[in-house]
Structure formats: C-alpha cells, structure tokens
Amino acid sequence: MASAGKEATPPGQPMSMGQHMLDKGAQMLQNLKPIKQISQHVCTFAIYSHDMSRQIETHHFITRLNQDFLQCAVYDSDDSTGRLIGVEYIVSDKIFETLPPDEQKLWHSHAYEVKSGLLIHPRVPEMVVKPELENLAKTYGKFWCTWQLDRGDRLPLGVPSLMVSPQAVNLGMVSPTLITKRDAKYNISTEAIKQSRVEIAEPEWLNPQADYWKQHGKGFAIDVKQFEMESKYPIL
C-alpha cells in the first residue's frame, strides 16, 4: 500500500513553454515571502488515525513563527516533484497545556519520534540539529493529511485525515521496510541515530490527552454531512 503513491501522478498535460515563462517571470517579480521563511526540512513517518495499518514517510518543511509555534507544509518527498499532502502545526508543551481537553485529543507527541531516530533532518549533522531536537522532543503536533497517495489517489480526494505519530507500542511501530528504504535513500542508520540521542532528555510529563489512541484505543475521522443553508436572501 505504501508504494502506491509513486504511481499516483495527477492527471493533466505537461506544462507548456508559455507556462514555464510565466512562472519564471512571476518568481522574479513576486516576493513569495511566506515560502521563503521555511528554514528546516524534517523527514519522519506518520500513521492514519482512522486506519493504523497505513503508514507513510512524510517530509515537513518548517517555518518557525516564534519559539513556541511552528507550521509545516508536508510533502510526500523532498524531490522536485514532491506533492503537497497536508499541513502540520507544532506547539510547545507550554501552549499545549492551554488547549481545551477535546482539542488536545487531536494532537500527538514528538518525544518518541525524536528519541527513536525516526525524525531526522536529512543531510544535516546530528551535532548541528541537537538543540532543535531537544526542543522538538517537548512539542506536540496536529497533522491533517489532505492527499492519500498511499492508496493510489491521483488527486486529493475526500476529507482530510488526522494523522498520529509513531509510538513504541503495537500499531504505533513503524514498519522496518519503510525505515530500511529511507536509510538507504539518505545513507543513514536510524538505529545508530537512536543510540546517539540517548542523552536527549525525555519530557518530564506527556499529557495523556495527546496520543489519544494509545491511551484509549480510539481514533478520529472526519465525516461530511449535508445541511440546509440559511440565508436572508433567497437561493436562486
């Protein structure tokens, strides 16, 4: 299932020369400031909350708005043809504790991802990113996947899916095949990275409302419902 996304190219004609020229011109004239604020690329794995038998490799391109809040554009790869598959918001433990309990259920912790070596900064030495890893280990994320490439969707179909983070228990364990494939791509050893992060401090406390599936055996899924529109103007 996880390899289906490679064949799930969207329908459409190749870009014309005119379109290429327009894009190049726009790049020269427009500032694209929000995109230029992206400062980090993190690769990790995610699991569908509504079907935990499905796991995917994800690439998060991170913008830090302040010390306690990050926003990520999530792609299926870091290649030039990478497809935007979702968005993740990351908050510090301090902000997470201010959220209502029902909201906290939608978020996942990052401590295990960091400590296990599953979350990496491709091509950046560990000693360089260690301070950031120490910060990320104490954060929580909410990740909505909008394009389910792993099931072969050639377009972003249906409603967004809530994703959860890997954990060291049953359904939360990442497939060794996915890890081996990524290790080969970046010429790394996830196991060796894990050993090098032993000294990264564990959070003193992980809020049990996060990683809700692990504590309660329940996931979340969005359902689309039709409703009557209310308006002071008649619908023609």
# chains A, B, ... in the order shown; residues from 1 in each chain; ligands from 1
$ select_by_dssp --residues "range 18-207 of chain A" --states "strand (DSSP E or B)" --output "ChimeraX atom specification"
/A:40-48,51-66,69-75,84-92,108-109,120,139-145,161-164
$ residues_around --residues "Gln55 in chain A" --least-positions-apart "3" --cutoff "12 Å" --atoms "only C-alpha atoms" --output "ChimeraX atom specification"
/A:1-5,44-52,58,76,145,148-151,163-166,171-179
$ write_last_selection --atoms "N, CA, C and O atoms" --output "compact mmCIF listing (two decimals), in the first residue's frame"
# COMPACT_ATOMS: atom_id res chain seq x y z
N MET A 1 0.82 -1.20 0.00
CA MET A 1 0.00 0.00 0.00
C MET A 1 0.86 1.25 0.00
O MET A 1 0.59 2.22 -0.68
N ALA A 2 1.96 1.25 0.77
CA ALA A 2 2.76 2.46 0.93
C ALA A 2 3.45 2.88 -0.34
O ALA A 2 3.83 4.02 -0.50
N SER A 3 3.65 1.97 -1.31
CA SER A 3 4.35 2.33 -2.53
C SER A 3 3.42 2.84 -3.61
O SER A 3 3.87 3.28 -4.67
N ALA A 4 2.11 2.78 -3.38
CA ALA A 4 1.15 3.16 -4.41
C ALA A 4 1.28 4.61 -4.82
O ALA A 4 1.01 4.98 -5.96
N GLY A 5 1.72 5.46 -3.90
CA GLY A 5 1.81 6.88 -4.18
C GLY A 5 2.74 7.23 -5.32
O GLY A 5 2.59 8.25 -5.98
N THR A 44 10.10 12.17 8.60
CA THR A 44 9.67 11.23 9.63
C THR A 44 8.61 10.32 9.04
O THR A 44 8.51 10.17 7.82
N PHE A 45 7.80 9.73 9.89
CA PHE A 45 6.74 8.82 9.45
C PHE A 45 5.45 9.19 10.18
O PHE A 45 5.47 9.73 11.28
N ALA A 46 4.32 8.90 9.54
CA ALA A 46 3.02 9.20 10.13
C ALA A 46 2.06 8.05 9.88
O ALA A 46 2.22 7.28 8.93
N ILE A 47 1.04 7.96 10.74
CA ILE A 47 0.07 6.86 10.70
C ILE A 47 -1.33 7.46 10.66
O ILE A 47 -1.61 8.45 11.35
N TYR A 48 -2.20 6.89 9.85
CA TYR A 48 -3.58 7.36 9.75
C TYR A 48 -4.35 7.01 11.03
O TYR A 48 -4.40 5.85 11.43
N SER A 49 -4.99 8.02 11.62
CA SER A 49 -5.74 7.79 12.85
C SER A 49 -6.91 6.84 12.62
O SER A 49 -7.26 6.05 13.51
N HIS A 50 -7.54 6.90 11.44
CA HIS A 50 -8.72 6.09 11.18
C HIS A 50 -8.37 4.69 10.67
O HIS A 50 -9.25 3.82 10.59
N ASP A 51 -7.11 4.45 10.32
CA ASP A 51 -6.69 3.13 9.83
C ASP A 51 -5.20 2.99 10.12
O ASP A 51 -4.35 3.30 9.28
N MET A 52 -4.86 2.50 11.30
CA MET A 52 -3.47 2.48 11.73
C MET A 52 -2.63 1.39 11.09
O MET A 52 -1.45 1.25 11.39
N THR A 58 6.94 10.98 5.54
CA THR A 58 6.50 12.36 5.34
C THR A 58 7.68 13.32 5.42
O THR A 58 8.65 13.08 6.14
N ASP A 76 5.21 14.49 0.17
CA ASP A 76 5.47 13.05 0.16
C ASP A 76 6.95 12.74 -0.07
O ASP A 76 7.39 11.62 0.14
N CYS A 145 -3.73 15.21 6.88
CA CYS A 145 -3.32 14.75 5.55
C CYS A 145 -4.47 14.99 4.58
O CYS A 145 -5.60 14.54 4.81
N GLN A 148 -4.25 11.30 0.05
CA GLN A 148 -3.88 9.95 0.45
C GLN A 148 -3.21 9.20 -0.71
O GLN A 148 -3.77 8.28 -1.32
N LEU A 149 -1.99 9.58 -0.97
CA LEU A 149 -1.23 9.00 -2.07
C LEU A 149 -0.98 7.50 -1.89
O LEU A 149 -0.88 6.76 -2.88
N ASP A 150 -0.88 7.06 -0.66
CA ASP A 150 -0.52 5.66 -0.44
C ASP A 150 -1.60 4.69 -0.92
O ASP A 150 -1.33 3.52 -1.14
N ARG A 151 -2.83 5.17 -1.08
CA ARG A 151 -3.87 4.29 -1.60
C ARG A 151 -4.05 4.47 -3.11
O ARG A 151 -4.97 3.91 -3.70
N MET A 163 -3.64 12.52 11.32
CA MET A 163 -2.51 11.60 11.42
C MET A 163 -2.00 11.55 12.85
O MET A 163 -2.11 12.53 13.60
N VAL A 164 -1.42 10.43 13.22
CA VAL A 164 -0.81 10.29 14.54
C VAL A 164 0.66 9.95 14.38
O VAL A 164 1.10 9.52 13.32
N SER A 165 1.41 10.13 15.46
CA SER A 165 2.85 9.90 15.41
C SER A 165 3.18 8.46 15.80
O SER A 165 2.43 7.82 16.53
N PRO A 166 4.31 7.96 15.33
CA PRO A 166 4.75 6.63 15.75
C PRO A 166 4.96 6.58 17.26
O PRO A 166 5.31 7.58 17.88
N LEU A 171 0.40 -0.97 17.27
CA LEU A 171 0.11 -0.33 16.00
C LEU A 171 0.94 0.92 15.74
O LEU A 171 0.98 1.41 14.61
N GLY A 172 1.59 1.44 16.75
CA GLY A 172 2.40 2.64 16.57
C GLY A 172 3.80 2.39 16.07
O GLY A 172 4.54 3.33 15.78
N MET A 173 4.19 1.14 15.95
CA MET A 173 5.54 0.80 15.50
C MET A 173 5.65 0.98 13.99
O MET A 173 4.80 0.48 13.24
N VAL A 174 6.69 1.65 13.54
CA VAL A 174 6.89 1.88 12.11
C VAL A 174 7.43 0.62 11.45
O VAL A 174 8.30 -0.07 12.00
N SER A 175 6.93 0.32 10.27
CA SER A 175 7.37 -0.86 9.51
C SER A 175 8.87 -0.81 9.24
O SER A 175 9.38 0.21 8.75
N PRO A 176 9.60 -1.88 9.55
CA PRO A 176 11.04 -1.93 9.25
C PRO A 176 11.34 -1.70 7.78
O PRO A 176 12.39 -1.15 7.44
N THR A 177 10.42 -2.09 6.91
CA THR A 177 10.62 -1.89 5.47
C THR A 177 10.69 -0.40 5.13
O THR A 177 11.54 0.02 4.33
N LEU A 178 9.81 0.40 5.72
CA LEU A 178 9.83 1.84 5.48
C LEU A 178 11.13 2.46 5.99
O LEU A 178 11.72 3.32 5.33
N ILE A 179 11.58 2.02 7.17
CA ILE A 179 12.80 2.56 7.74
C ILE A 179 14.01 2.18 6.89
O ILE A 179 14.87 3.03 6.61
$ residues_around --residues "Lys142 in chain A" --least-positions-apart "3" --cutoff "9 Å" --atoms "only C-alpha atoms" --output "short mmCIF file (atom, residue, chain, number, x, y, z; two decimals) with all heavy atoms, in the first residue's frame"
data_model
loop_
_atom_site.label_atom_id
_atom_site.label_comp_id
_atom_site.auth_asym_id
_atom_site.auth_seq_id
_atom_site.Cartn_x
_atom_site.Cartn_y
_atom_site.Cartn_z
N VAL A 87 -0.75 19.48 6.09
CA VAL A 87 -0.20 20.56 6.90
C VAL A 87 -0.13 20.10 8.35
O VAL A 87 -1.00 19.37 8.82
CB VAL A 87 -1.07 21.84 6.77
CG1 VAL A 87 -2.49 21.58 7.23
CG2 VAL A 87 -0.46 23.01 7.54
N GLU A 88 0.94 20.49 9.02
CA GLU A 88 1.07 20.18 10.45
C GLU A 88 1.39 21.46 11.21
O GLU A 88 2.17 22.30 10.75
CB GLU A 88 2.17 19.16 10.73
CG GLU A 88 2.29 18.85 12.22
CD GLU A 88 3.34 17.81 12.57
OE1 GLU A 88 4.24 17.57 11.75
OE2 GLU A 88 3.26 17.24 13.68
N TYR A 89 0.76 21.59 12.37
CA TYR A 89 1.06 22.68 13.30
C TYR A 89 1.74 22.07 14.52
O TYR A 89 1.32 21.00 15.00
CB TYR A 89 -0.21 23.41 13.70
CG TYR A 89 -0.92 24.03 12.52
CD1 TYR A 89 -2.05 23.42 11.98
CD2 TYR A 89 -0.45 25.20 11.92
CE1 TYR A 89 -2.69 23.97 10.88
CE2 TYR A 89 -1.09 25.75 10.82
CZ TYR A 89 -2.21 25.13 10.31
OH TYR A 89 -2.84 25.66 9.21
N ILE A 90 2.77 22.72 15.00
CA ILE A 90 3.54 22.22 16.14
C ILE A 90 3.59 23.29 17.21
O ILE A 90 3.90 24.46 16.93
CB ILE A 90 4.96 21.83 15.71
CG1 ILE A 90 4.92 20.69 14.68
CG2 ILE A 90 5.80 21.41 16.92
CD1 ILE A 90 6.28 20.33 14.10
N VAL A 91 3.27 22.90 18.46
CA VAL A 91 3.30 23.85 19.57
C VAL A 91 4.15 23.30 20.71
O VAL A 91 4.32 22.09 20.86
CB VAL A 91 1.88 24.16 20.09
CG1 VAL A 91 1.03 24.81 19.00
CG2 VAL A 91 1.20 22.91 20.64
N LEU A 106 -6.67 15.72 19.57
CA LEU A 106 -6.32 15.70 18.16
C LEU A 106 -4.82 15.82 17.92
O LEU A 106 -4.37 15.73 16.78
CB LEU A 106 -7.04 16.85 17.43
CG LEU A 106 -8.56 16.91 17.57
CD1 LEU A 106 -9.11 18.12 16.84
CD2 LEU A 106 -9.21 15.62 17.05
N TRP A 107 -4.05 15.99 18.97
CA TRP A 107 -2.61 16.24 18.85
C TRP A 107 -1.81 15.01 19.26
O TRP A 107 -2.26 14.15 20.01
CB TRP A 107 -2.22 17.43 19.72
CG TRP A 107 -2.86 18.72 19.28
CD1 TRP A 107 -4.20 19.04 19.35
CD2 TRP A 107 -2.22 19.85 18.70
NE1 TRP A 107 -4.41 20.30 18.84
CE2 TRP A 107 -3.22 20.83 18.44
CE3 TRP A 107 -0.89 20.15 18.39
CZ2 TRP A 107 -2.92 22.06 17.88
CZ3 TRP A 107 -0.59 21.39 17.83
CH2 TRP A 107 -1.59 22.33 17.57
N HIS A 108 -0.58 14.95 18.77
CA HIS A 108 0.32 13.85 19.11
C HIS A 108 1.63 14.40 19.66
O HIS A 108 2.02 15.53 19.38
CB HIS A 108 0.61 12.97 17.88
CG HIS A 108 1.20 13.74 16.73
ND1 HIS A 108 0.42 14.21 15.66
CD2 HIS A 108 2.46 14.12 16.45
CE1 HIS A 108 1.21 14.85 14.81
NE2 HIS A 108 2.45 14.82 15.26
N LEU A 162 -6.83 12.84 9.95
CA LEU A 162 -5.96 13.15 11.08
C LEU A 162 -4.88 12.09 11.18
O LEU A 162 -5.17 10.89 11.11
CB LEU A 162 -6.77 13.20 12.37
CG LEU A 162 -6.00 13.61 13.62
CD1 LEU A 162 -5.57 15.08 13.53
CD2 LEU A 162 -6.83 13.37 14.88
N MET A 163 -3.64 12.52 11.32
CA MET A 163 -2.51 11.60 11.42
C MET A 163 -2.00 11.55 12.85
O MET A 163 -2.11 12.53 13.60
CB MET A 163 -1.39 12.03 10.48
CG MET A 163 -1.84 12.29 9.05
SD MET A 163 -2.54 10.82 8.24
CE MET A 163 -1.05 9.94 7.79
N VAL A 164 -1.42 10.43 13.22
CA VAL A 164 -0.81 10.29 14.54
C VAL A 164 0.66 9.95 14.38
O VAL A 164 1.10 9.52 13.32
CB VAL A 164 -1.53 9.22 15.39
CG1 VAL A 164 -2.99 9.61 15.61
CG2 VAL A 164 -1.44 7.85 14.73
#
$ closest_residue --among "A:Gln37, A:Thr9, A:Ser16, A:Gln67" --to "Gly82 in chain A" --atoms "only C-alpha atoms"
A:Thr9
$ select_by_dssp --residues "range 31-161 of chain A" --states "helix (DSSP H, G or I)" --output "ChimeraX atom specification"
/A:33-36,93-96,101-104,111-115,126-136,149-151
$ write_last_selection --atoms "N, CA, C and O atoms" --output "compact mmCIF listing (two decimals), in the first residue's frame"
# COMPACT_ATOMS: atom_id res chain seq x y z
N LYS A 33 7.18 35.70 0.15
CA LYS A 33 7.76 35.79 1.49
C LYS A 33 7.39 34.63 2.43
O LYS A 33 8.26 34.13 3.16
N PRO A 34 6.13 34.19 2.48
CA PRO A 34 5.82 33.09 3.40
C PRO A 34 6.65 31.84 3.12
O PRO A 34 7.13 31.19 4.06
N ILE A 35 6.82 31.51 1.86
CA ILE A 35 7.57 30.30 1.50
C ILE A 35 9.03 30.45 1.85
O ILE A 35 9.70 29.51 2.30
N LYS A 36 9.56 31.65 1.66
CA LYS A 36 10.99 31.88 1.93
C LYS A 36 11.31 31.83 3.42
O LYS A 36 12.49 31.81 3.79
N ASP A 93 5.08 22.48 24.68
CA ASP A 93 4.26 21.90 25.76
C ASP A 93 3.54 22.99 26.54
O ASP A 93 2.42 22.79 27.02
N LYS A 94 4.16 24.17 26.63
CA LYS A 94 3.53 25.27 27.36
C LYS A 94 2.22 25.69 26.71
O LYS A 94 1.20 25.88 27.39
N ILE A 95 2.21 25.79 25.37
CA ILE A 95 0.98 26.15 24.67
C ILE A 95 -0.01 25.00 24.70
O ILE A 95 -1.22 25.20 24.88
N PHE A 96 0.49 23.79 24.54
CA PHE A 96 -0.41 22.63 24.51
C PHE A 96 -1.24 22.54 25.79
O PHE A 96 -2.42 22.20 25.74
N PRO A 101 -9.36 20.21 26.64
CA PRO A 101 -9.13 18.75 26.58
C PRO A 101 -9.59 18.11 25.28
O PRO A 101 -8.90 17.23 24.75
N ASP A 102 -10.75 18.51 24.74
CA ASP A 102 -11.23 17.92 23.49
C ASP A 102 -10.32 18.27 22.32
O ASP A 102 -10.21 17.49 21.37
N GLU A 103 -9.70 19.43 22.37
CA GLU A 103 -8.74 19.81 21.34
C GLU A 103 -7.45 19.02 21.48
O GLU A 103 -6.87 18.57 20.49
N GLN A 104 -7.00 18.81 22.68
CA GLN A 104 -5.76 18.09 22.92
C GLN A 104 -5.80 16.66 22.36
O GLN A 104 -4.77 16.11 21.98
N ALA A 111 8.11 13.18 21.32
CA ALA A 111 9.25 12.66 22.09
C ALA A 111 9.77 11.34 21.53
O ALA A 111 10.99 11.17 21.33
N TYR A 112 8.88 10.41 21.26
CA TYR A 112 9.33 9.10 20.77
C TYR A 112 9.96 9.22 19.38
O TYR A 112 10.98 8.59 19.10
N GLU A 113 9.36 10.02 18.50
CA GLU A 113 9.92 10.20 17.16
C GLU A 113 11.36 10.69 17.23
O GLU A 113 12.23 10.22 16.48
N VAL A 114 11.61 11.63 18.12
CA VAL A 114 12.96 12.19 18.25
C VAL A 114 13.91 11.17 18.86
O VAL A 114 14.97 10.88 18.31
N LYS A 115 13.54 10.60 20.01
CA LYS A 115 14.43 9.70 20.73
C LYS A 115 14.74 8.43 19.94
O LYS A 115 15.84 7.87 20.04
N GLU A 126 24.06 15.56 13.05
CA GLU A 126 23.32 15.48 14.30
C GLU A 126 23.77 16.55 15.30
O GLU A 126 22.95 17.12 16.02
N MET A 127 25.06 16.82 15.37
CA MET A 127 25.55 17.80 16.34
C MET A 127 25.00 19.19 16.06
O MET A 127 24.83 20.00 16.97
N VAL A 128 24.68 19.47 14.79
CA VAL A 128 24.14 20.77 14.42
C VAL A 128 22.68 20.91 14.87
O VAL A 128 22.25 21.96 15.34
N VAL A 129 21.91 19.83 14.71
CA VAL A 129 20.48 19.90 15.00
C VAL A 129 20.11 19.47 16.42
O VAL A 129 18.95 19.51 16.80
N LYS A 130 21.10 19.08 17.21
CA LYS A 130 20.78 18.59 18.56
C LYS A 130 19.96 19.58 19.38
O LYS A 130 18.98 19.18 20.03
N PRO A 131 20.30 20.88 19.40
CA PRO A 131 19.46 21.81 20.18
C PRO A 131 18.01 21.84 19.71
O PRO A 131 17.09 21.92 20.52
N GLU A 132 17.81 21.75 18.38
CA GLU A 132 16.45 21.75 17.86
C GLU A 132 15.73 20.45 18.22
O GLU A 132 14.54 20.45 18.52
N LEU A 133 16.44 19.34 18.19
CA LEU A 133 15.85 18.07 18.57
C LEU A 133 15.39 18.09 20.03
O LEU A 133 14.34 17.56 20.38
N GLU A 134 16.20 18.72 20.88
CA GLU A 134 15.83 18.83 22.29
C GLU A 134 14.55 19.64 22.45
O GLU A 134 13.73 19.34 23.33
N ASN A 135 14.39 20.66 21.60
CA ASN A 135 13.15 21.45 21.63
C ASN A 135 11.96 20.63 21.11
O ASN A 135 10.89 20.61 21.71
N LEU A 136 12.16 19.96 19.97
CA LEU A 136 11.07 19.20 19.34
C LEU A 136 10.58 18.06 20.22
O LEU A 136 9.40 17.70 20.18
N LEU A 149 -1.99 9.58 -0.97
CA LEU A 149 -1.23 9.00 -2.07
C LEU A 149 -0.98 7.50 -1.89
O LEU A 149 -0.88 6.76 -2.88
N ASP A 150 -0.88 7.06 -0.66
CA ASP A 150 -0.52 5.66 -0.44
C ASP A 150 -1.60 4.69 -0.92
O ASP A 150 -1.33 3.52 -1.14
N ARG A 151 -2.83 5.17 -1.08
CA ARG A 151 -3.87 4.29 -1.60
C ARG A 151 -4.05 4.47 -3.11
O ARG A 151 -4.97 3.91 -3.70
$ closest_residue --among "A:Lys105, A:Lys138, A:His41, A:His60" --to "Pro203 in chain A" --atoms "only C-alpha atoms"
A:Lys138
$ atom_distance --atom1 "CA of His110 in chain A" --atom2 "CA of Leu157 in chain A"
27.8 Å
$ closest_residue --among "A:Tyr75, A:Phe61, A:Tyr212, A:Trp147" --to "Gln40 in chain A" --atoms "only C-alpha atoms"
A:Phe61
$ atom_distance --atom1 "CA of Ala73 in chain A" --atom2 "CA of Gln167 in chain A"
22.4 Å
$ atom_distance --atom1 "CA of Thr190 in chain A" --atom2 "CA of Leu118 in chain A"
6.5 Å
$ residues_around --residues "Ala192 in chain A" --least-positions-apart "4" --cutoff "12 Å" --atoms "only C-alpha atoms" --output "VMD selection string"
chain A and resid 115 to 118 126 183 187 to 188 196 to 198
$ write_last_selection --atoms "all heavy atoms" --output "PDB file, in the first residue's frame"
ATOM      1  N   LYS A 115      13.543  10.603  20.007  1.00  0.00           N
ATOM      2  CA  LYS A 115      14.434   9.696  20.729  1.00  0.00           C
ATOM      3  C   LYS A 115      14.744   8.427  19.938  1.00  0.00           C
ATOM      4  O   LYS A 115      15.840   7.867  20.039  1.00  0.00           O
ATOM      5  CB  LYS A 115      13.813   9.322  22.073  1.00  0.00           C
ATOM      6  CG  LYS A 115      13.705  10.466  23.064  1.00  0.00           C
ATOM      7  CD  LYS A 115      15.053  10.772  23.716  1.00  0.00           C
ATOM      8  CE  LYS A 115      15.460   9.670  24.664  1.00  0.00           C
ATOM      9  NZ  LYS A 115      16.742   9.974  25.358  1.00  0.00           N
ATOM     10  N   SER A 116      13.801   7.971  19.126  1.00  0.00           N
ATOM     11  CA  SER A 116      13.972   6.720  18.382  1.00  0.00           C
ATOM     12  C   SER A 116      14.768   6.894  17.092  1.00  0.00           C
ATOM     13  O   SER A 116      15.093   5.908  16.432  1.00  0.00           O
ATOM     14  CB  SER A 116      12.600   6.127  18.041  1.00  0.00           C
ATOM     15  OG  SER A 116      11.901   7.000  17.156  1.00  0.00           O
ATOM     16  N   GLY A 117      15.050   8.137  16.704  1.00  0.00           N
ATOM     17  CA  GLY A 117      15.766   8.376  15.458  1.00  0.00           C
ATOM     18  C   GLY A 117      14.888   8.379  14.232  1.00  0.00           C
ATOM     19  O   GLY A 117      15.381   8.490  13.105  1.00  0.00           O
ATOM     20  N   LEU A 118      13.575   8.269  14.422  1.00  0.00           N
ATOM     21  CA  LEU A 118      12.665   8.267  13.278  1.00  0.00           C
ATOM     22  C   LEU A 118      12.569   9.652  12.649  1.00  0.00           C
ATOM     23  O   LEU A 118      12.428   9.791  11.428  1.00  0.00           O
ATOM     24  CB  LEU A 118      11.273   7.800  13.718  1.00  0.00           C
ATOM     25  CG  LEU A 118      11.174   6.344  14.172  1.00  0.00           C
ATOM     26  CD1 LEU A 118       9.775   6.053  14.726  1.00  0.00           C
ATOM     27  CD2 LEU A 118      11.486   5.390  13.015  1.00  0.00           C
ATOM     28  N   GLU A 126      24.065  15.561  13.047  1.00  0.00           N
ATOM     29  CA  GLU A 126      23.318  15.484  14.304  1.00  0.00           C
ATOM     30  C   GLU A 126      23.765  16.549  15.300  1.00  0.00           C
ATOM     31  O   GLU A 126      22.948  17.124  16.018  1.00  0.00           O
ATOM     32  CB  GLU A 126      23.494  14.097  14.927  1.00  0.00           C
ATOM     33  CG  GLU A 126      22.632  13.021  14.304  1.00  0.00           C
ATOM     34  CD  GLU A 126      21.177  13.122  14.744  1.00  0.00           C
ATOM     35  OE1 GLU A 126      20.873  12.972  15.939  1.00  0.00           O
ATOM     36  OE2 GLU A 126      20.339  13.363  13.866  1.00  0.00           O
ATOM     37  N   ASP A 183      16.582   4.728   5.115  1.00  0.00           N
ATOM     38  CA  ASP A 183      18.004   4.659   5.459  1.00  0.00           C
ATOM     39  C   ASP A 183      18.867   4.569   4.205  1.00  0.00           C
ATOM     40  O   ASP A 183      19.911   5.221   4.102  1.00  0.00           O
ATOM     41  CB  ASP A 183      18.276   3.455   6.363  1.00  0.00           C
ATOM     42  CG  ASP A 183      17.873   3.701   7.810  1.00  0.00           C
ATOM     43  OD1 ASP A 183      17.316   4.781   8.099  1.00  0.00           O
ATOM     44  OD2 ASP A 183      18.109   2.817   8.646  1.00  0.00           O
ATOM     45  N   ASN A 187      21.468   7.267   3.125  1.00  0.00           N
ATOM     46  CA  ASN A 187      22.718   6.640   3.565  1.00  0.00           C
ATOM     47  C   ASN A 187      22.942   6.868   5.063  1.00  0.00           C
ATOM     48  O   ASN A 187      23.991   7.365   5.494  1.00  0.00           O
ATOM     49  CB  ASN A 187      23.905   7.186   2.764  1.00  0.00           C
ATOM     50  CG  ASN A 187      25.172   6.369   2.983  1.00  0.00           C
ATOM     51  OD1 ASN A 187      25.118   5.176   3.286  1.00  0.00           O
ATOM     52  ND2 ASN A 187      26.329   7.012   2.842  1.00  0.00           N
ATOM     53  N   ILE A 188      21.933   6.519   5.847  1.00  0.00           N
ATOM     54  CA  ILE A 188      21.989   6.691   7.294  1.00  0.00           C
ATOM     55  C   ILE A 188      21.611   5.385   7.978  1.00  0.00           C
ATOM     56  O   ILE A 188      21.171   4.424   7.326  1.00  0.00           O
ATOM     57  CB  ILE A 188      21.039   7.804   7.779  1.00  0.00           C
ATOM     58  CG1 ILE A 188      19.579   7.424   7.433  1.00  0.00           C
ATOM     59  CG2 ILE A 188      21.417   9.152   7.200  1.00  0.00           C
ATOM     60  CD1 ILE A 188      18.534   8.361   8.029  1.00  0.00           C
ATOM     61  N   SER A 196      22.695   7.602  19.321  1.00  0.00           N
ATOM     62  CA  SER A 196      23.361   8.891  19.536  1.00  0.00           C
ATOM     63  C   SER A 196      22.485   9.890  20.282  1.00  0.00           C
ATOM     64  O   SER A 196      22.984  10.921  20.749  1.00  0.00           O
ATOM     65  CB  SER A 196      23.787   9.491  18.186  1.00  0.00           C
ATOM     66  OG  SER A 196      22.664   9.989  17.464  1.00  0.00           O
ATOM     67  N   ARG A 197      21.191   9.598  20.401  1.00  0.00           N
ATOM     68  CA  ARG A 197      20.263  10.526  21.049  1.00  0.00           C
ATOM     69  C   ARG A 197      19.863  10.091  22.461  1.00  0.00           C
ATOM     70  O   ARG A 197      18.931  10.638  23.045  1.00  0.00           O
ATOM     71  CB  ARG A 197      19.001  10.681  20.194  1.00  0.00           C
ATOM     72  CG  ARG A 197      19.271  11.317  18.833  1.00  0.00           C
ATOM     73  CD  ARG A 197      18.003  11.467  18.019  1.00  0.00           C
ATOM     74  NE  ARG A 197      18.281  12.061  16.712  1.00  0.00           N
ATOM     75  CZ  ARG A 197      17.353  12.287  15.777  1.00  0.00           C
ATOM     76  NH1 ARG A 197      16.085  11.973  16.016  1.00  0.00           N
ATOM     77  NH2 ARG A 197      17.693  12.825  14.611  1.00  0.00           N
ATOM     78  N   VAL A 198      20.578   9.137  23.000  1.00  0.00           N
ATOM     79  CA  VAL A 198      20.245   8.617  24.330  1.00  0.00           C
ATOM     80  C   VAL A 198      20.228   9.733  25.369  1.00  0.00           C
ATOM     81  O   VAL A 198      19.390   9.735  26.292  1.00  0.00           O
ATOM     82  CB  VAL A 198      21.249   7.518  24.737  1.00  0.00           C
ATOM     83  CG1 VAL A 198      21.070   7.156  26.209  1.00  0.00           C
ATOM     84  CG2 VAL A 198      21.068   6.285  23.863  1.00  0.00           C
TER      85      VAL A 198
END
$ closest_residue --among "A:Arg83, A:Lys24, A:Ile120, A:Asp223" --to "Ser189 in chain A" --atoms "only C-alpha atoms"
A:Ile120
$ closest_residue --among "A:Gln195, A:Asn207, A:Gln27, A:Thr146" --to "Ile85 in chain A" --atoms "only C-alpha atoms"
A:Thr146
$ decode --residues "range 90-102 of chain A" --atoms "N, CA and C atoms" --output "PDB file, in the first residue's frame"
ATOM      1  N   ILE A  90       2.770  22.724  14.997  1.00  0.00           N
ATOM      2  CA  ILE A  90       3.538  22.220  16.137  1.00  0.00           C
ATOM      3  C   ILE A  90       3.587  23.295  17.210  1.00  0.00           C
ATOM      4  N   VAL A  91       3.271  22.901  18.455  1.00  0.00           N
ATOM      5  CA  VAL A  91       3.298  23.853  19.567  1.00  0.00           C
ATOM      6  C   VAL A  91       4.146  23.299  20.709  1.00  0.00           C
ATOM      7  N   SER A  92       4.660  24.196  21.505  1.00  0.00           N
ATOM      8  CA  SER A  92       5.420  23.799  22.689  1.00  0.00           C
ATOM      9  C   SER A  92       4.488  23.190  23.732  1.00  0.00           C
ATOM     10  N   ASP A  93       5.080  22.478  24.684  1.00  0.00           N
ATOM     11  CA  ASP A  93       4.264  21.905  25.758  1.00  0.00           C
ATOM     12  C   ASP A  93       3.539  22.991  26.544  1.00  0.00           C
ATOM     13  N   LYS A  94       4.157  24.166  26.633  1.00  0.00           N
ATOM     14  CA  LYS A  94       3.532  25.273  27.358  1.00  0.00           C
ATOM     15  C   LYS A  94       2.218  25.690  26.708  1.00  0.00           C
ATOM     16  N   ILE A  95       2.213  25.795  25.374  1.00  0.00           N
ATOM     17  CA  ILE A  95       0.980  26.154  24.671  1.00  0.00           C
ATOM     18  C   ILE A  95      -0.014  25.001  24.696  1.00  0.00           C
ATOM     19  N   PHE A  96       0.490  23.786  24.538  1.00  0.00           N
ATOM     20  CA  PHE A  96      -0.405  22.626  24.515  1.00  0.00           C
ATOM     21  C   PHE A  96      -1.239  22.537  25.787  1.00  0.00           C
ATOM     22  N   GLU A  97      -0.642  22.855  26.919  1.00  0.00           N
ATOM     23  CA  GLU A  97      -1.355  22.760  28.186  1.00  0.00           C
ATOM     24  C   GLU A  97      -2.492  23.768  28.299  1.00  0.00           C
ATOM     25  N   THR A  98      -2.500  24.788  27.440  1.00  0.00           N
ATOM     26  CA  THR A  98      -3.588  25.781  27.480  1.00  0.00           C
ATOM     27  C   THR A  98      -4.776  25.378  26.614  1.00  0.00           C
ATOM     28  N   LEU A  99      -4.648  24.317  25.827  1.00  0.00           N
ATOM     29  CA  LEU A  99      -5.722  23.904  24.924  1.00  0.00           C
ATOM     30  C   LEU A  99      -6.818  23.168  25.686  1.00  0.00           C
ATOM     31  N   PRO A 100      -8.066  23.281  25.212  1.00  0.00           N
ATOM     32  CA  PRO A 100      -9.160  22.523  25.844  1.00  0.00           C
ATOM     33  C   PRO A 100      -8.912  21.018  25.697  1.00  0.00           C
ATOM     34  N   PRO A 101      -9.356  20.206  26.635  1.00  0.00           N
ATOM     35  CA  PRO A 101      -9.134  18.754  26.585  1.00  0.00           C
ATOM     36  C   PRO A 101      -9.589  18.105  25.279  1.00  0.00           C
ATOM     37  N   ASP A 102     -10.747  18.510  24.744  1.00  0.00           N
ATOM     38  CA  ASP A 102     -11.227  17.916  23.491  1.00  0.00           C
ATOM     39  C   ASP A 102     -10.322  18.267  22.320  1.00  0.00           C
TER      40      ASP A 102
END
